[in-house]
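Let me begin by presenting the structure, written as structure tokens, before commenting on it.
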Amino acid sequence: MNPTGTPDVAELMAQIAALQAANRQLAERVVKLEEELALARLHRFAPRSEKHMDRIFNEAEQSAAVDADEDCGLADEVDSVDLPDTGLPRTEQPERRKPGRKPLPANLPRQRVDYDLADDQKACPCCSHQMHRMGELVTEQLHIEIKATILQNARAKYACRNCDRTGINTPVVIAPMPKQPLPGSIATASTLAFALVHKYVDGTPLYRLAQAFERAGVPVSRGALGHWVIGSSENHLVRIYDALKLRLRSQPLIHGDETTVQVLKEKDRKATDESYMWAYRSSQDSDEPIVLFDYQPGRGQVHPQTFLGDYRGILMTDGYQAWRTLKKATHIGCMAHARRRFVNALKVREKPGGPPAQALKFFDQLYRIERQARDEKPDDGETQPDHMRRFRQKHSIPVLAALKAWLDDIAPKVVPDTKLGDAVSYTLNQWEYLTRYTDDGRMPIDNNLLERDIRVFATGRKSWLFSDTVDGAKASAVIYSLMLTCRACGVEPFAWLKHVLTELPQRSDEDHIDDLMPFNFKRQAA
């Protein structure tokens with residue numbers, strides 16, 4: 001500053017540079033907040049599909065996109081990159097299904113209802129002669145009746161008349177009956193299965209289920225239904241759960257993920273605190289499909305460590321660091337998580353195209369390779385995992401190499417604190433785990449298999465919102481696990497639950513229960 005107090009040129013230039021830097025920071029923050037707002041609106045109002053349709057943009061549209069985002073430092077000036085030609089054969093579009101009503105299942109019982117003309121209507125309307133029956137027209141309708149009945153368990157009682165006349169005590173012998181799943185309860189195994197399926201498969205909250213019972217003329221309180229749920233889990237179903245847990249740990253590949261759940265009454269915690277359902281699943285090709293949920297109050301690394309122990313197989317998870325603390329497992333990353341970030345980056349753009357669309361072309365090609373690899377039959381003497389690895393080595397690795405080169409080129413040009421910057425940095429940081437699937441044909445490309453199972457839980461959570469107690473949350477984890485395992489095995493859950501809740505009370509803790517596993521139940525039914 002000169003003697004008159006007026007700032008000199010250097011000071012003015014420094015102030016201008018500081019203001020420009022602050023202005024750029026504010027502009028970047030505005031971009032970030034606008035992206036968050038746009039994504040929140042889409043999350044609330046728009047369809048959540050992540051499907052990406054190939055689009056063709058003209059040069060004017062691309063130039064407009066560059067002009068719109070140029071001030072924010074986005075990398076729209078990057079030229080489009082052609083995907084490498086690996087000789088992947090073209091796939092034909094599947095034929096669309098013809099519209100129309102599907103036939104009713106052939107295995108359902110048929111009840112015939114005959115309709116005939118009255119005798120005075122069997123005369124010919126033309127010549128009045130008697131008509132003969134030439135055949136019949138048969139149509140089918142679906143008929144469902146839901147009836148509540150009461151089982152009266154009449155147990156014969158016997159006494160000795162001789163002891164009655166001559167003895168001091170008269171012994172009374174009562175005919176035994178099978179052990180019930182919940183002694184003293186009015187619910188049979190079938191009733192318990194009905195309630196559990198409605199809550200954990202159909203997502204019906206207990207208060208609505210209580211209303212349904214009341215409409216049927218059977219008043220059952222919500223508290224009684226809660227007792228049925230917790231009692232069924234703690235007394236019987238947890239035995240199946242524990243056996244499945246041991247089998248899951250011995251499988252060569254496990255999917256892992258976690259989702260939130262709220263428990264109102266938990267010691268030393270607020271009702272608004274978030275707890276977690278940790279989810280585990282066997283591979284898609286497993287002979288013994290298993291899906292297990294584990295309720296825990298937090299998201300710390302101790303929970304997967306406790307559940308999986310010293311697991312030494314392949315573990316498919318997202319980039320959450322708690323999973324990577326299992327040192328003896330071989331970790332692989334979820335390609336769908338990386339792709340999803342570019343989908344979000346594309347959604348928040350004012351103009352279509354640009355780097356997010358370019359990235360999605362790479363991902364779409366990788367998934368096309370996966371589909372074709374599964375559709376093609378292995379060569380003679382070649383196992384399915386060896387076939388998958390060979391196919392990926394030939395077609396996936398060149399695409400991944402091109403994607404990595406493109407990401408390295410674009411990374412310095414994107415603003416870090418934006419959706420595009422987040423997508424690029426996540427993909428590069430997880431690259432070692434994301435690409436490891438090409439080395440082993442048993443490894444999946446993503447974690448979508450388990451995410452589809454978690455979606456069942458998340459859909460139900462929208463209805464029942466929270467668990468009242470920790471015991472209820474643990475019971476829900478057990479029953480959700482068994483219902484999703486039934487789904488993975490292709491087993492009808494009501495039939496399986498009814499069978500298990502009838503059979504388990506008759507067995508001691510030392511008895512084998514292998515035949516009650518969902519995958520074995522399917523084989524028995526076949």
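Each chain in the structure tokens gets a letter, A, B, ..., in the order shown, and its residues are numbered from 1; ligands are numbered from 1 in order too.
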Distance query Ala212 of chain A at most 12 Å, only C-alpha atoms, self and fewer than 6 positions along chain excluded, as a PDB file with C-alpha atoms, in the first residue's frame:
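Output (selection-v4.pdb):
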```pdb
ATOM      1  CA  ILE A 146     -60.120 -68.529   2.672  1.00  0.00           C
ATOM      2  CA  ALA A 148     -60.797 -70.229   9.288  1.00  0.00           C
ATOM      3  CA  PHE A 194     -49.888 -68.079   7.444  1.00  0.00           C
ATOM      4  CA  ALA A 195     -48.972 -65.141   9.706  1.00  0.00           C
ATOM      5  CA  HIS A 198     -48.005 -62.504   5.242  1.00  0.00           C
ATOM      6  CA  THR A 204     -48.040 -56.961   5.783  1.00  0.00           C
ATOM      7  CA  PRO A 205     -47.503 -55.201   9.150  1.00  0.00           C
ATOM      8  CA  LEU A 206     -48.837 -56.986  12.217  1.00  0.00           C
ATOM      9  CA  VAL A 218     -61.183 -64.270  14.752  1.00  0.00           C
ATOM     10  CA  PRO A 219     -59.991 -61.478  17.066  1.00  0.00           C
ATOM     11  CA  VAL A 220     -56.210 -61.856  17.476  1.00  0.00           C
ATOM     12  CA  SER A 221     -54.350 -58.993  19.113  1.00  0.00           C
ATOM     13  CA  ARG A 222     -51.222 -57.437  17.708  1.00  0.00           C
ATOM     14  CA  LEU A 225     -49.121 -61.946  16.696  1.00  0.00           C
TER      15      LEU A 225
END
```
Taking the DSSP assignment computed from this structure's backbone, write out as number ranges by chain all residues of segment 166-351 of chain A that belong to strand (DSSP E or B).
A: 172-174, 253-265, 274-282, 291-296, 314-316, 330-332
Find the residues near His337 of chain A: any atom within 8 Å, counting only C-alpha atoms, skip ones fewer than 4 places away on the same chain, and give them as a CSV table (one decimal) with N, CA and C atoms, in the first residue's frame.
```csv
chain,number,residue,atom,x,y,z
A,318,ASP,N,-19.4,-54.2,-1.6
A,318,ASP,CA,-19.2,-52.9,-2.2
A,318,ASP,C,-17.9,-52.4,-1.6
A,341,ARG,N,-22.9,-44.9,-10.0
A,341,ARG,CA,-22.5,-43.5,-9.8
A,341,ARG,C,-22.5,-42.8,-11.1
A,446,ASP,N,-20.9,-58.4,-10.1
A,446,ASP,CA,-21.5,-57.4,-9.2
A,446,ASP,C,-22.2,-58.1,-8.1
```
Report the distance between atom CA of Met443 of chain A and atom CA of Ile314 of chain A in Å, rounded to one decimal place.
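Computing the Euclidean distance for atom CA of Met443 of chain A and atom CA of Ile314 of chain A yields 7.6 Å.
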Please report, as a ChimeraX atom specification, each residue of segment 307-435 of chain A to which DSSP assigns alpha helix (DSSP H) when run on this structure's backbone.
/A:307-308,335-347,354-375,384-410,419-429,431-434
Between atom CA of Phe342 of chain A and atom CA of Gly354 of chain A, measure the distance and give it in Å to one decimal.
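The value is 10.8 Å.
Counting only C-alpha atoms, the residue from A:Leu244, A:Leu142, A:Val30, A:Ala187 that sits nearest to Ala224 of chain A is A:Ala187.
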Exercise: Tyr200 of chain A partners within 9 Å, only C-alpha atoms, chain neighbours under 4 positions left out, as an MDAnalysis selection string
chainID A and resid 195:196 204:205 456:457 460 476 479:480 483
The selected residues should be written to file as a compact mmCIF listing (two decimals), in the first residue's frame (atoms: C-alpha atoms).
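Wrote it out as selection-v1.txt, contents follow:
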```txt
# COMPACT_ATOMS: atom_id res chain seq x y z
CA ALA A 195 -48.97 -65.14 9.71
CA LEU A 196 -45.23 -65.33 9.01
CA THR A 204 -48.04 -56.96 5.78
CA PRO A 205 -47.50 -55.20 9.15
CA VAL A 456 -37.66 -57.58 -0.31
CA PHE A 457 -36.67 -56.43 3.17
CA GLY A 460 -41.47 -54.50 3.75
CA SER A 476 -37.27 -60.70 11.83
CA ILE A 479 -37.53 -65.31 9.44
CA TYR A 480 -36.52 -63.01 6.57
CA MET A 483 -38.15 -66.84 3.54
```
